[in-house]
Structure formats: C-alpha cells, structure tokens
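With mmCIF, C-alpha atoms inside, this is coords26.cif:
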data_data
loop_
_atom_site.label_atom_id
_atom_site.label_comp_id
_atom_site.auth_asym_id
_atom_site.auth_seq_id
_atom_site.Cartn_x
_atom_site.Cartn_y
_atom_site.Cartn_z
CA MET A 17 12.84 18.20 13.94
CA SER A 18 10.26 19.69 16.32
CA GLU A 19 12.35 22.29 18.11
CA GLY A 20 12.01 22.92 21.84
CA ILE A 21 10.08 19.73 22.57
CA SER A 22 11.72 16.62 23.99
CA THR A 23 11.55 13.54 21.80
CA LEU A 24 9.85 11.86 24.79
CA GLU A 25 6.86 14.07 23.98
CA ARG A 26 7.01 13.43 20.21
CA HIS A 27 5.98 10.65 17.89
CA LEU A 28 8.28 9.48 15.12
CA VAL A 29 6.66 9.14 11.69
CA ILE A 30 8.67 6.75 9.52
CA GLY A 31 8.25 7.40 5.80
CA ALA A 32 7.56 10.60 3.84
CA GLY A 33 5.43 9.10 1.08
CA PRO A 34 1.76 9.98 0.52
CA VAL A 35 0.61 8.24 3.71
CA GLY A 36 3.42 9.51 5.93
CA LEU A 37 2.80 13.08 4.77
CA ALA A 38 -0.94 12.74 5.44
CA MET A 39 -0.27 11.40 8.95
CA ALA A 40 2.25 14.15 9.69
CA ALA A 41 -0.23 16.81 8.55
CA ALA A 42 -2.98 15.30 10.71
CA LEU A 43 -0.72 15.12 13.77
CA LYS A 44 0.26 18.75 13.28
CA ARG A 45 -3.38 19.78 12.88
CA HIS A 46 -4.21 18.11 16.21
CA GLY A 47 -1.24 19.64 18.01
CA ILE A 48 0.68 16.36 18.41
CA PRO A 49 4.47 16.93 18.19
CA PHE A 50 6.29 14.67 15.74
CA ASP A 51 9.45 14.09 13.75
CA LEU A 52 9.20 12.81 10.18
CA VAL A 53 12.11 10.78 8.79
CA ASP A 54 12.75 9.09 5.48
CA ALA A 55 15.71 7.13 4.11
CA ALA A 56 15.34 8.94 0.77
CA PRO A 57 16.67 12.44 0.03
CA GLY A 58 13.20 14.03 0.01
CA VAL A 59 9.45 13.56 0.23
CA GLY A 60 7.44 11.49 -2.23
CA GLY A 61 8.14 7.89 -1.30
CA ASN A 62 7.65 5.61 -4.28
CA TRP A 63 7.09 8.61 -6.57
CA LEU A 64 10.60 9.82 -5.73
CA HIS A 65 12.63 6.63 -5.96
CA GLY A 66 10.43 3.72 -6.91
CA VAL A 67 8.98 4.29 -10.39
CA TYR A 68 10.28 4.94 -13.88
CA ARG A 69 9.85 8.58 -14.76
CA HIS A 70 7.41 8.06 -17.65
CA ALA A 71 5.00 6.19 -15.37
CA HIS A 72 1.50 7.58 -14.73
CA ILE A 73 -0.97 6.89 -11.95
CA VAL A 74 -3.67 4.35 -12.81
CA SER A 75 -6.41 5.94 -10.69
CA SER A 76 -7.55 9.43 -11.61
CA LYS A 77 -6.25 12.60 -9.99
CA LYS A 78 -9.64 13.08 -8.28
CA ALA A 79 -9.39 9.60 -6.76
CA THR A 80 -5.76 10.11 -5.77
CA GLU A 81 -5.52 13.69 -4.48
CA TYR A 82 -5.89 14.54 -0.80
CA THR A 83 -9.47 15.65 -0.26
CA ASP A 84 -8.28 18.87 1.38
CA PHE A 85 -5.54 19.63 -1.17
CA PRO A 86 -6.73 19.33 -4.80
CA MET A 87 -4.26 18.73 -7.59
CA PRO A 88 -3.68 21.64 -10.00
CA ASP A 89 -6.37 22.16 -12.63
CA GLU A 90 -3.80 21.86 -15.40
CA TYR A 91 -2.89 18.31 -14.37
CA PRO A 92 -4.27 15.64 -16.72
CA ASP A 93 -6.71 12.99 -15.53
CA PHE A 94 -3.79 10.62 -14.95
CA PRO A 95 -0.75 12.62 -13.77
CA SER A 96 2.83 11.49 -14.41
CA ALA A 97 5.37 10.42 -11.80
CA ASP A 98 7.02 13.86 -11.94
CA GLN A 99 3.69 15.60 -11.47
CA MET A 100 2.86 13.37 -8.50
CA LEU A 101 6.23 14.16 -6.94
CA ALA A 102 5.69 17.90 -7.46
CA TYR A 103 2.22 17.61 -5.93
CA LEU A 104 3.43 15.79 -2.82
CA THR A 105 6.31 18.25 -2.41
CA ALA A 106 3.86 21.16 -2.64
CA PHE A 107 1.64 19.51 0.00
CA ALA A 108 4.58 19.10 2.39
CA LYS A 109 5.57 22.76 1.94
CA GLU A 110 2.03 24.13 2.22
CA ARG A 111 1.34 22.11 5.39
CA GLY A 112 4.65 23.18 6.94
CA LEU A 113 6.00 19.64 7.32
CA LEU A 114 9.54 20.15 6.07
CA GLY A 115 10.67 21.87 9.26
CA SER A 116 9.92 18.67 11.19
CA SER A 117 11.47 16.38 8.57
CA GLU A 118 14.85 14.70 8.22
CA PHE A 119 15.91 12.98 5.02
CA ASN A 120 18.62 10.42 4.29
CA LYS A 121 17.72 9.22 7.79
CA SER A 122 17.11 5.48 7.93
CA VAL A 123 15.65 3.68 10.95
CA ALA A 124 17.66 0.59 11.86
CA HIS A 125 15.67 -0.53 14.91
CA ALA A 126 12.66 0.60 16.93
CA SER A 127 11.46 -1.15 20.07
CA PRO A 128 9.39 -0.49 23.19
CA ASP A 129 11.65 -0.03 26.21
CA GLY A 130 9.24 -1.16 28.92
CA ALA A 131 8.92 2.35 30.32
CA GLY A 132 6.10 3.40 28.03
CA THR A 133 8.40 4.91 25.43
CA TRP A 134 10.21 3.72 22.31
CA THR A 135 13.94 3.50 21.69
CA VAL A 136 14.84 4.23 18.07
CA LYS A 137 18.26 3.55 16.61
CA PHE A 138 19.12 5.06 13.23
CA ALA A 139 21.47 3.65 10.61
CA ASP A 140 23.97 6.44 11.34
CA GLY A 141 24.26 5.21 14.94
CA GLU A 142 22.15 7.91 16.60
CA LYS A 143 19.67 6.83 19.29
CA ARG A 144 16.56 8.64 20.44
CA LYS A 145 13.60 7.93 22.69
CA TYR A 146 10.10 8.67 21.41
CA LYS A 147 6.62 8.59 22.85
CA GLY A 148 5.42 6.43 19.96
CA VAL A 149 6.18 5.33 16.43
CA VAL A 150 3.91 5.79 13.40
CA VAL A 151 5.09 3.38 10.70
CA CYS A 152 4.33 4.59 7.15
CA ASN A 153 7.13 2.82 5.28
CA GLY A 154 4.88 1.82 2.38
CA HIS A 155 4.48 -1.44 0.51
CA HIS A 156 6.46 -0.85 -2.69
CA TRP A 157 10.06 -1.37 -1.63
CA ASP A 158 10.74 -4.95 -0.37
CA LYS A 159 11.04 -6.66 -3.76
CA ARG A 160 9.50 -10.10 -4.27
CA TYR A 161 11.12 -12.30 -6.92
CA PRO A 162 9.60 -15.32 -8.65
CA SER A 163 10.83 -18.82 -7.88
CA PHE A 164 11.18 -21.48 -10.57
CA ARG A 165 13.07 -24.69 -11.15
CA GLY A 166 16.44 -24.34 -12.81
CA ASN A 167 18.92 -21.53 -13.25
CA PHE A 168 18.43 -18.60 -15.61
CA THR A 169 21.79 -17.38 -16.94
CA GLY A 170 20.47 -14.16 -18.47
CA GLU A 171 19.67 -10.96 -16.63
CA ILE A 172 16.86 -10.73 -14.04
CA LEU A 173 15.47 -7.27 -13.28
CA HIS A 174 12.76 -6.39 -10.78
CA SER A 175 10.18 -3.91 -12.07
CA LYS A 176 11.17 -1.48 -9.29
CA ASP A 177 14.64 -1.26 -10.84
CA TYR A 178 13.32 -0.45 -14.30
CA VAL A 179 14.35 3.05 -15.37
CA GLY A 180 13.65 3.30 -19.08
CA PRO A 181 13.62 1.71 -22.55
CA GLU A 182 17.41 1.74 -22.82
CA GLN A 183 17.43 -1.31 -20.52
CA LEU A 184 15.42 -3.24 -23.12
CA ALA A 185 17.24 -2.41 -26.34
CA ASP A 186 17.84 -5.44 -28.59
CA LYS A 187 16.84 -7.88 -25.84
CA ARG A 188 14.44 -10.79 -25.88
CA VAL A 189 12.33 -10.02 -22.84
CA LEU A 190 10.07 -12.16 -20.65
CA VAL A 191 7.88 -10.28 -18.20
CA ILE A 192 6.54 -12.28 -15.25
CA GLY A 193 3.36 -10.83 -13.75
CA GLY A 194 0.39 -9.04 -15.26
CA GLY A 195 -0.44 -6.27 -12.81
CA ASN A 196 -0.09 -2.57 -13.58
CA SER A 197 3.72 -2.67 -13.48
CA GLY A 198 3.85 -5.85 -15.55
CA VAL A 199 1.63 -4.27 -18.19
CA ASP A 200 3.90 -1.21 -18.44
CA MET A 201 7.04 -3.36 -18.63
CA ALA A 202 5.55 -5.59 -21.35
CA CYS A 203 4.32 -2.67 -23.45
CA ASP A 204 7.73 -0.98 -23.28
CA ALA A 205 9.55 -4.23 -24.07
CA GLY A 206 7.21 -4.84 -27.01
CA ARG A 207 8.13 -1.45 -28.45
CA PHE A 208 11.80 -1.12 -27.57
CA GLY A 209 13.06 -4.69 -27.12
CA ARG A 210 13.76 -7.29 -29.77
CA SER A 211 10.72 -9.28 -28.60
CA CYS A 212 8.47 -9.59 -25.56
CA ASP A 213 6.49 -12.40 -23.95
CA ILE A 214 4.48 -12.10 -20.75
CA SER A 215 4.03 -15.06 -18.40
CA LEU A 216 0.90 -15.21 -16.24
CA GLN A 217 0.12 -17.88 -13.66
CA SER A 218 -3.58 -17.08 -13.83
CA GLY A 219 -6.00 -14.62 -15.37
CA TYR A 220 -6.22 -10.94 -14.40
CA TRP A 221 -9.09 -8.52 -14.46
CA TYR A 222 -8.11 -5.74 -16.87
CA LEU A 223 -10.39 -2.73 -16.49
CA PRO A 224 -10.48 0.22 -18.90
CA LYS A 225 -9.02 3.42 -17.48
CA THR A 226 -11.92 5.44 -18.88
CA PHE A 227 -15.59 4.81 -19.59
CA LEU A 228 -17.98 7.15 -21.41
CA GLY A 229 -15.29 9.82 -21.48
CA ARG A 230 -14.59 9.77 -17.74
CA PRO A 231 -11.90 8.02 -15.68
CA LEU A 232 -13.31 4.73 -14.44
CA THR A 233 -12.44 5.63 -10.85
CA ASP A 234 -14.63 8.76 -11.15
CA ILE A 235 -17.87 7.16 -12.31
CA PRO A 236 -20.48 7.04 -9.50
CA ILE A 237 -20.45 3.34 -8.66
CA TRP A 238 -17.88 3.10 -5.87
CA GLY A 239 -20.34 3.78 -3.06
CA LEU A 240 -22.61 0.92 -4.14
CA PRO A 241 -22.54 -2.53 -2.51
CA VAL A 242 -19.60 -4.55 -3.79
CA LEU A 243 -21.87 -7.03 -5.56
CA LEU A 244 -23.31 -4.21 -7.67
CA GLN A 245 -19.85 -2.77 -8.30
CA ARG A 246 -18.69 -6.13 -9.61
CA ALA A 247 -21.77 -6.56 -11.80
CA ILE A 248 -21.37 -3.09 -13.35
CA LEU A 249 -17.64 -3.52 -13.94
CA LYS A 250 -18.16 -6.94 -15.54
CA LEU A 251 -20.71 -5.36 -17.87
CA ILE A 252 -18.27 -2.56 -18.74
CA VAL A 253 -15.56 -5.14 -19.48
CA ALA A 254 -17.94 -7.15 -21.66
CA VAL A 255 -18.90 -4.06 -23.68
CA THR A 256 -15.49 -2.40 -24.03
CA ILE A 257 -13.06 -5.35 -24.00
CA GLY A 258 -14.87 -8.64 -24.44
CA ASP A 259 -13.61 -12.08 -23.48
CA TYR A 260 -9.97 -11.97 -22.37
CA ARG A 261 -9.41 -15.35 -24.03
CA ARG A 262 -9.76 -13.68 -27.43
CA TYR A 263 -6.47 -11.94 -26.63
CA GLY A 264 -4.77 -15.20 -25.72
CA LEU A 265 -5.13 -14.49 -22.02
CA GLN A 266 -6.58 -16.74 -19.36
CA LYS A 267 -10.04 -16.16 -17.94
CA PRO A 268 -9.81 -14.80 -14.37
CA ASN A 269 -10.45 -17.52 -11.79
CA HIS A 270 -11.33 -15.03 -9.07
CA LYS A 271 -13.87 -12.27 -8.51
CA ILE A 272 -13.09 -8.63 -9.17
CA PHE A 273 -11.37 -7.16 -6.07
CA ASP A 274 -10.34 -10.55 -4.69
CA ARG A 275 -7.00 -9.42 -6.16
CA HIS A 276 -6.05 -5.95 -7.25
CA PRO A 277 -7.30 -5.40 -10.84
CA ALA A 278 -5.08 -3.83 -13.48
CA PHE A 279 -6.33 -0.56 -14.98
CA GLY A 280 -5.87 0.06 -18.69
CA THR A 281 -6.06 -1.81 -21.98
CA ASP A 282 -2.50 -1.11 -23.16
CA LEU A 283 -1.49 -4.76 -22.81
CA LEU A 284 -4.51 -5.91 -24.80
CA ASN A 285 -3.67 -3.45 -27.56
CA ALA A 286 -0.02 -4.56 -27.58
CA ILE A 287 -1.13 -8.18 -27.96
CA ARG A 288 -3.37 -7.23 -30.89
CA LEU A 289 -0.47 -5.38 -32.48
CA GLY A 290 1.73 -8.46 -32.16
CA ARG A 291 4.20 -6.71 -29.89
CA VAL A 292 3.52 -8.91 -26.86
CA ASN A 293 2.93 -12.65 -26.77
CA PRO A 294 1.04 -14.15 -23.78
CA ARG A 295 2.50 -17.23 -22.11
CA PRO A 296 1.30 -19.45 -19.24
CA ALA A 297 3.19 -20.03 -15.98
CA ILE A 298 6.83 -21.13 -16.03
CA ASP A 299 7.57 -24.82 -15.52
CA HIS A 300 11.36 -24.73 -15.46
CA VAL A 301 14.41 -22.83 -16.76
CA GLU A 302 17.68 -23.97 -18.29
CA ASP A 303 20.31 -21.39 -19.20
CA LYS A 304 18.35 -18.82 -21.22
CA THR A 305 15.58 -21.19 -22.27
CA VAL A 306 12.29 -21.11 -20.39
CA THR A 307 9.82 -24.00 -20.59
CA PHE A 308 6.23 -23.09 -19.82
CA ALA A 309 3.44 -25.12 -18.25
CA ASP A 310 1.95 -25.96 -21.66
CA GLY A 311 5.25 -27.44 -22.87
CA THR A 312 6.21 -24.53 -25.14
CA THR A 313 9.60 -22.85 -24.81
CA GLY A 314 11.19 -19.46 -25.35
CA THR A 315 14.71 -18.05 -25.23
CA TYR A 316 15.29 -14.75 -23.43
CA ASP A 317 18.07 -12.35 -22.56
CA LEU A 318 16.16 -10.56 -19.81
CA ILE A 319 13.47 -11.56 -17.31
CA ILE A 320 11.57 -8.70 -15.69
CA ALA A 321 9.99 -9.71 -12.39
CA ALA A 322 6.80 -7.68 -12.01
CA THR A 323 5.91 -9.91 -9.09
CA GLY A 324 5.16 -7.33 -6.46
CA PHE A 325 6.51 -6.71 -3.00
CA ASN A 326 6.61 -8.19 0.47
CA THR A 327 5.02 -6.35 3.35
CA SER A 328 7.74 -6.06 5.96
CA PHE A 329 9.01 -3.95 8.86
CA PRO A 330 12.68 -4.88 9.24
CA PHE A 331 13.28 -2.30 11.97
CA LEU A 332 10.70 -3.93 14.30
CA ARG A 333 11.45 -6.95 16.45
CA GLU A 334 10.33 -10.19 14.83
CA GLY A 335 6.88 -11.17 16.08
CA LEU A 336 5.98 -7.71 17.35
CA VAL A 337 3.60 -7.26 14.41
CA LYS A 338 2.37 -10.37 12.60
CA VAL A 339 2.04 -10.36 8.81
CA ASP A 340 -0.06 -13.17 7.33
CA ARG A 341 0.40 -13.54 3.55
CA GLY A 342 0.86 -9.83 3.08
CA VAL A 343 -1.95 -8.87 5.46
CA VAL A 344 -0.83 -7.01 8.59
CA GLN A 345 -2.63 -8.31 11.65
CA VAL A 346 -3.74 -5.07 13.27
CA TYR A 347 -7.09 -3.82 14.45
CA GLY A 348 -8.76 -0.81 12.91
CA GLY A 349 -6.21 -0.88 10.12
CA ALA A 350 -3.33 0.33 12.29
CA PHE A 351 -3.35 -0.86 15.90
CA PRO A 352 -1.56 -4.06 17.01
CA ALA A 353 -2.91 -5.71 20.14
CA GLY A 354 -0.66 -5.65 23.20
CA VAL A 355 1.67 -2.92 21.91
CA ARG A 356 1.36 0.65 23.17
CA GLY A 357 2.56 3.54 21.03
CA LEU A 358 2.92 1.63 17.74
CA TYR A 359 0.75 2.46 14.73
CA ILE A 360 1.09 0.70 11.36
CA VAL A 361 -0.46 2.97 8.72
CA GLY A 362 -0.63 2.61 4.95
CA TRP A 363 0.15 -1.10 4.57
CA ALA A 364 -3.24 -1.70 2.92
CA GLN A 365 -4.15 -0.60 -0.59
CA ALA A 366 -7.30 1.28 -1.59
CA ARG A 367 -9.03 -0.28 -4.58
CA ASN A 368 -9.46 2.91 -6.58
CA GLY A 369 -7.04 5.52 -5.31
CA PHE A 370 -5.88 6.53 -1.83
CA GLY A 371 -7.04 10.15 -1.90
CA ARG A 372 -10.65 9.78 -0.83
CA LEU A 373 -9.60 7.66 2.13
CA ILE A 374 -6.27 8.80 3.52
CA THR A 375 -7.24 12.34 4.57
CA PRO A 376 -10.20 11.36 6.81
CA LEU A 377 -8.36 8.24 7.98
CA ALA A 378 -5.27 10.20 9.03
CA ASP A 379 -7.49 12.63 10.93
CA LEU A 380 -9.17 9.76 12.81
CA TYR A 381 -5.84 8.12 13.60
CA ALA A 382 -4.45 11.41 14.94
CA ARG A 383 -7.43 11.68 17.29
CA MET A 384 -6.88 8.11 18.43
CA ILE A 385 -3.16 8.68 19.02
CA ALA A 386 -4.07 11.68 21.19
CA LEU A 387 -6.66 9.56 23.01
CA GLN A 388 -4.04 6.93 23.87
CA ASP A 389 -2.66 9.33 26.53
CA GLU A 390 -5.95 9.00 28.43
CA LEU A 391 -6.02 5.20 28.30
CA THR A 392 -4.36 2.56 30.46
CA LEU A 393 -4.34 -0.17 27.82
CA PRO A 394 -3.08 -0.05 24.22
CA LEU A 395 -5.68 0.92 21.64
CA GLY A 396 -5.20 -2.37 19.79
CA THR A 397 -5.93 -4.35 22.97
CA LEU A 398 -9.17 -2.44 23.52
CA MET A 399 -10.23 -3.02 19.93
CA GLU A 400 -9.32 -6.72 20.17
CA SER A 401 -11.78 -7.05 23.05
CA SER A 402 -14.65 -5.68 20.97
CA PHE A 403 -16.92 -8.16 19.22
CA THR A 404 -17.26 -5.69 16.32
CA GLN A 405 -13.54 -5.71 15.50
CA ARG A 406 -11.89 -8.39 13.39
CA LEU A 407 -8.40 -8.85 12.03
CA PRO A 408 -8.19 -8.10 8.30
CA THR A 409 -8.13 -10.92 5.74
CA THR A 410 -7.07 -8.86 2.70
CA HIS A 411 -4.79 -5.93 1.93
CA LEU A 412 -7.40 -4.42 -0.41
CA VAL A 413 -9.66 -1.74 1.07
CA ASP A 414 -13.03 -0.50 -0.15
CA PRO A 415 -12.56 3.29 0.20
CA GLU A 416 -16.25 4.24 0.42
CA LYS A 417 -17.04 1.54 2.98
CA SER A 418 -14.03 2.66 5.01
CA ARG A 419 -15.16 6.28 4.84
CA ARG A 420 -18.53 5.28 6.34
CA GLU A 421 -16.74 3.38 9.10
CA ILE A 422 -14.50 6.38 9.80
CA ARG A 423 -17.49 8.69 10.23
CA LEU A 424 -19.02 6.20 12.68
CA ALA A 425 -15.72 5.76 14.55
CA HIS A 426 -15.58 9.46 15.46
CA TRP A 427 -18.87 9.02 17.34
CA ILE A 428 -17.88 5.91 19.26
CA LEU A 429 -14.36 6.94 20.32
CA PRO A 430 -15.61 7.95 23.82
CA LEU A 431 -16.69 4.34 24.34
CA LEU A 432 -13.04 3.30 24.27
CA LYS A 433 -12.54 5.14 27.56
CA LEU A 434 -15.33 3.14 29.20
CA ARG A 435 -13.93 -0.13 27.85
CA ASP A 436 -10.45 0.85 28.99
CA ARG A 437 -11.60 1.44 32.57
CA ARG A 438 -13.53 -1.82 32.64
CA LEU A 439 -10.69 -3.94 31.23
CA ALA A 440 -8.06 -2.24 33.37
CA ARG A 441 -10.16 -2.98 36.46
CA LYS A 442 -10.48 -6.62 35.45
CA GLN A 443 -6.74 -6.93 34.86
CA LYS A 444 -6.01 -5.35 38.24
CA LEU A 445 -8.36 -7.72 40.04
CA LYS A 446 -6.87 -10.68 38.18
CA ALA A 447 -3.34 -9.61 39.12
CA GLU A 448 -4.33 -9.15 42.78
CA LYS A 449 -5.98 -12.57 42.84
CA SER A 450 -2.91 -14.16 41.26
CA GLY A 451 -0.69 -12.48 43.85
CA ILE A 452 -2.81 -13.78 46.73
CA THR A 453 -2.78 -17.29 45.25
CA ALA A 454 1.00 -17.16 44.82
CA ARG A 455 1.57 -16.07 48.44
CA ALA A 456 -0.77 -18.80 49.68
#
Translate this file's structure into structure tokens.
Amino acid sequence: MSEGISTLERHLVIGAGPVGLAMAAALKRHGIPFDLVDAAPGVGGNWLHGVYRHAHIVSSKKATEYTDFPMPDEYPDFPSADQMLAYLTAFAKERGLLGSSEFNKSVAHASPDGAGTWTVKFADGEKRKYKGVVVCNGHHWDKRYPSFRGNFTGEILHSKDYVGPEQLADKRVLVIGGGNSGVDMACDAGRFGRSCDISLQSGYWYLPKTFLGRPLTDIPIWGLPVLLQRAILKLIVAVTIGDYRRYGLQKPNHKIFDRHPAFGTDLLNAIRLGRVNPRPAIDHVEDKTVTFADGTTGTYDLIIAATGFNTSFPFLREGLVKVDRGVVQVYGGAFPAGVRGLYIVGWAQARNGFGRLITPLADLYARMIALQDELTLPLGTLMESSFTQRLPTTHLVDPEKSRREIRLAHWILPLLKLRDRRLARKQKLKAEKSGITARA
C-alpha cells in the first residue's frame, strides 16, 4: 500500500496483469498515489494462473513487450508462459510497484458513494474509501461454455482449466472452438489423446506465425490502412497455406479482423498428419455421442470448451457500465459517461500484441486521471458530448491507429477544460431554471 497517504487521495488499481502493471507504472510516473490489488498470489494475471505452462505467446516479443521495457535478448521470438511471467515480475520490481501491491486480495464490491469517492469492499470483509477505481481485471477469466441440445455425460473442461497432456491420456477428445487456445488443445489432444476432433461453427482465419523468416507481427504492414493489411495478409495466406477447404476446414465467412484471427499453422499440420479431424457445428448430444450439423456422429470421453470468455465486472453495480456483446460501452476506451472516478482499462484486445499500445495508452490515461481533478464533470460525460467520440462496436483494436489517436489526444486534452466549463455552466443554468419553474 502507499504509505502515509490516505486512501481518499489514492486510486485503486484492480488487477496485476500486463495492463494493471502498465497503469500502475504510469500512475507512479505521474505522481498519482495508488494501491494495486489482485486476487492471485502475485503479478502476471493470465500468465500466472490462466494458461498451461507449455503455452507460448502468439504475437512476437517485440509486439508484446512494453515499449519502455524490452524483453531480454535471450528470449525467443515467441516466449513461453514462464518467460512472460518472469518478464512481468521483473517489470513490477524494476518500476517499484510491489511496495504498493497487495495479493490474495479480491474486490467484492466497488461503488460510488455520492460524495465524490468510492467505497470498496474486499472479500475478506475490509472496507476502504478511494478517490477512484481503475479496473484492469482482464478478459480471460469469466469462462464461457458452449450450449447445445441434450446432455453430455462425459467430462467437460474449459480451456482455461487445461494444465497438461495428462488430462488427455487415452481419451477421445472433442475440442469446440478454433481460436488460439482451441488450436493448442486440439494439437495436444491429437498427440496425447486416443483421438481428437475439432468442431467449428464457422471458418477461421489462420495466419502463419512467421513470414520470410520474421514473426508476422513484426513485418512492416501494421501501420498501413486496414484494407491494405487485409489484402497483404490474404496474399500471404494464399502463398503459404492455400485454401482452408483443402484441410477440411470451412472458408471464413468474415473479413480478417472482424474476429480475432488465430496465429500459427499447427492445426493445419495436425490435420494433414491425421491427428485431428475437423467437424462442423454440433446439432445435439446424447450421452457421449455428439451429432453434428452434417448428420455425422462421434463418441467422446472429453469435450474441451475453447469458447472464450465473457467480459464482466462482478464487483460493479449492475448497469453502472454497459457491456454489449462483449464490447464495453465506454468513451476513449476507458471512460463511462456519467460516472466520475471509474476507468475501465484493458477490456479490448490489440490485434497484434499489446506492447506497442499499452505503454503510451497508460501514459495518456494517467494524464487524464490527473486532469479529472480540475474538471466538474466526469471525463466520460465530456467525451460523450463531443461529436468526434463514438462508443466502440468491437473489442478488437488496431494498435497503430490507436497510437496515432493517442498522440493527437495529448494535444487536445486542454480542450476538455473548455468543454467542462461550458457544459457545467449549461447544467447550472438548467438546474436554476428547473428550480424556478418548480417554485412557480
């Protein structure tokens, strides 16, 4: 905890994953007192408790590292889960964040108290009052399970609960979902299980991890307009992979980046080796027999649900922050309208690694949190009133476009003060007029 400073002068950062650590470092750099809490026993977020230990990142280390804290030179292009955890731990130590951190500390409820501060209740019963709350609880923890007709009497395991190949031994496995986690689950099940099928509702874009000897996320295309990015990536897929239907997979029915693409060709190789068998969507289930949409059937001992996660904030009052189909309805990526002192950071997902984006974004957000002290209205309310601001429609973020917007935002921050004075004056006049009308 920040010693010698009342919690009424501090912000509470919830979550010590990559985003929470970046926000804590930015707050410290700008002289904003904070406490950092996490329900886990240490820093790292998903890399501490949410992935199997032989997992590797799918974006390169250059696309993933903080721009002001490079990963060690000896790290490979795609570091392992243990290397990522060591890296994040080193960042927390080097930035001096551990002294302001509490672990095994879960937030049960956080709410504005009407006096301009926030009341936070922890799972252990402790209550504190904070100046504001910075929510960085991530998007890889609230497990989403598939729904299908019938009752499966075998075992169902979410991909987050997968630890290692011993869970697959001598089992007939069906993986549901073809994203990065689904690919890893299917490849492991194809090697270590008795058999493996993978069920996909629709086609995915599978992109190679490397191209011309370089990680795909490092080739110089990501600053181009998205139409050019898509054209180049489609050409790379055509040259290196070919038509997905040749692997027994469905052709994608959406554009690249309309959904998060999967990086790597491991699944395609496993299909060619006969280790994994593609299946369409599930129609219904009876006991251990699954009937698919094309009428074929399969019998399984284990279903692995690689079906992603819900975006949720269970410690916030229902309706305080709206989530529309996984997209958090905040302005500027973090600021809900009508709520002072609440910042939702890290719910979105960068298309090709968080590193190039999170460091400059955290710095901007820290400046804006400091600016809130000089404003009458909440930042989200001011941004809602601007014709240039729109609520997001997707959880996927173009990092290079966002970086350009961040650079511009630093220049226009002073305009928020002018807008605040104007809107506050209007609200005051409206309230006075309403009071006169009521008395009359």
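Residues matched by the PyMOL selection byres ((chain A and resi 303) around 8) in this structure: Asn167, Phe168, Thr169, Gly170, Val301, Glu302, Lys304 and Thr305 of chain A.
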- Query: With only C-alpha atoms as the atoms that count, which of A:Asp282, A:Glu182, A:Glu400, A:Asp317 lies nearest to Leu439 of chain A?
  - Reply: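 Closest residue, counting only C-alpha atoms: A:Glu400.
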- Query: Could you name the residues that touch Ser75 of chain A at 12 Å or less, counting only C-alpha atoms, but leaving out those on the same chain fewer than 5 positions away, as a ChimeraX atom specification?
  - Reply: /A:80-81,92-96,196,223-226,230-235,277-280,366-372
Residues from last step as file, C-alpha atoms, as a PDB file, keeping the file's coordinate frame:
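Output file result-v4.pdb is given in full below:
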ATOM      1  CA  THR A  80      -5.760  10.110  -5.770  1.00  0.00           C
ATOM      2  CA  GLU A  81      -5.520  13.690  -4.480  1.00  0.00           C
ATOM      3  CA  PRO A  92      -4.270  15.640 -16.720  1.00  0.00           C
ATOM      4  CA  ASP A  93      -6.710  12.990 -15.530  1.00  0.00           C
ATOM      5  CA  PHE A  94      -3.790  10.620 -14.950  1.00  0.00           C
ATOM      6  CA  PRO A  95      -0.750  12.620 -13.770  1.00  0.00           C
ATOM      7  CA  SER A  96       2.830  11.490 -14.410  1.00  0.00           C
ATOM      8  CA  ASN A 196      -0.090  -2.570 -13.580  1.00  0.00           C
ATOM      9  CA  LEU A 223     -10.390  -2.730 -16.490  1.00  0.00           C
ATOM     10  CA  PRO A 224     -10.480   0.220 -18.900  1.00  0.00           C
ATOM     11  CA  LYS A 225      -9.020   3.420 -17.480  1.00  0.00           C
ATOM     12  CA  THR A 226     -11.920   5.440 -18.880  1.00  0.00           C
ATOM     13  CA  ARG A 230     -14.590   9.770 -17.740  1.00  0.00           C
ATOM     14  CA  PRO A 231     -11.900   8.020 -15.680  1.00  0.00           C
ATOM     15  CA  LEU A 232     -13.310   4.730 -14.440  1.00  0.00           C
ATOM     16  CA  THR A 233     -12.440   5.630 -10.850  1.00  0.00           C
ATOM     17  CA  ASP A 234     -14.630   8.760 -11.150  1.00  0.00           C
ATOM     18  CA  ILE A 235     -17.870   7.160 -12.310  1.00  0.00           C
ATOM     19  CA  PRO A 277      -7.300  -5.400 -10.840  1.00  0.00           C
ATOM     20  CA  ALA A 278      -5.080  -3.830 -13.480  1.00  0.00           C
ATOM     21  CA  PHE A 279      -6.330  -0.560 -14.980  1.00  0.00           C
ATOM     22  CA  GLY A 280      -5.870   0.060 -18.690  1.00  0.00           C
ATOM     23  CA  ALA A 366      -7.300   1.280  -1.590  1.00  0.00           C
ATOM     24  CA  ARG A 367      -9.030  -0.280  -4.580  1.00  0.00           C
ATOM     25  CA  ASN A 368      -9.460   2.910  -6.580  1.00  0.00           C
ATOM     26  CA  GLY A 369      -7.040   5.520  -5.310  1.00  0.00           C
ATOM     27  CA  PHE A 370      -5.880   6.530  -1.830  1.00  0.00           C
ATOM     28  CA  GLY A 371      -7.040  10.150  -1.900  1.00  0.00           C
ATOM     29  CA  ARG A 372     -10.650   9.780  -0.830  1.00  0.00           C
TER      30      ARG A 372
END
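Atom pair atom CA of Asp436 of chain A / atom CA of Leu336 of chain A has a distance of 21.9 Å (rounded to one decimal).
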- Item | Shell of 7 Å around segment 257-269 of chain A, only C-alpha atoms, local chain residues under 5 positions omitted, as a ChimeraX atom specification | /A:218-221,284,287,294
- Which distance in Å separates atom CA of Asp213 of chain A and atom CA of Met201 of chain A, to one decimal?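 For atom CA of Asp213 of chain A relative to atom CA of Met201 of chain A, the distance reads 10.5 Å.
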- Message: Once the PyMOL selection byres ((chain A and resi 390) around 12) has been evaluated on this model, what residues remain selected, and can you format them as an NGL selection string?
- Response: :A and (383-389 or 391-395 or 429-430 or 432-434 or 436-437)
- Item | atom CA of Thr135 of chain A to atom CA of Leu64 of chain A, distance in Å rounded to a single decimal |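 Atom-to-atom, atom CA of Thr135 of chain A and atom CA of Leu64 of chain A are spaced 28.3 Å apart.
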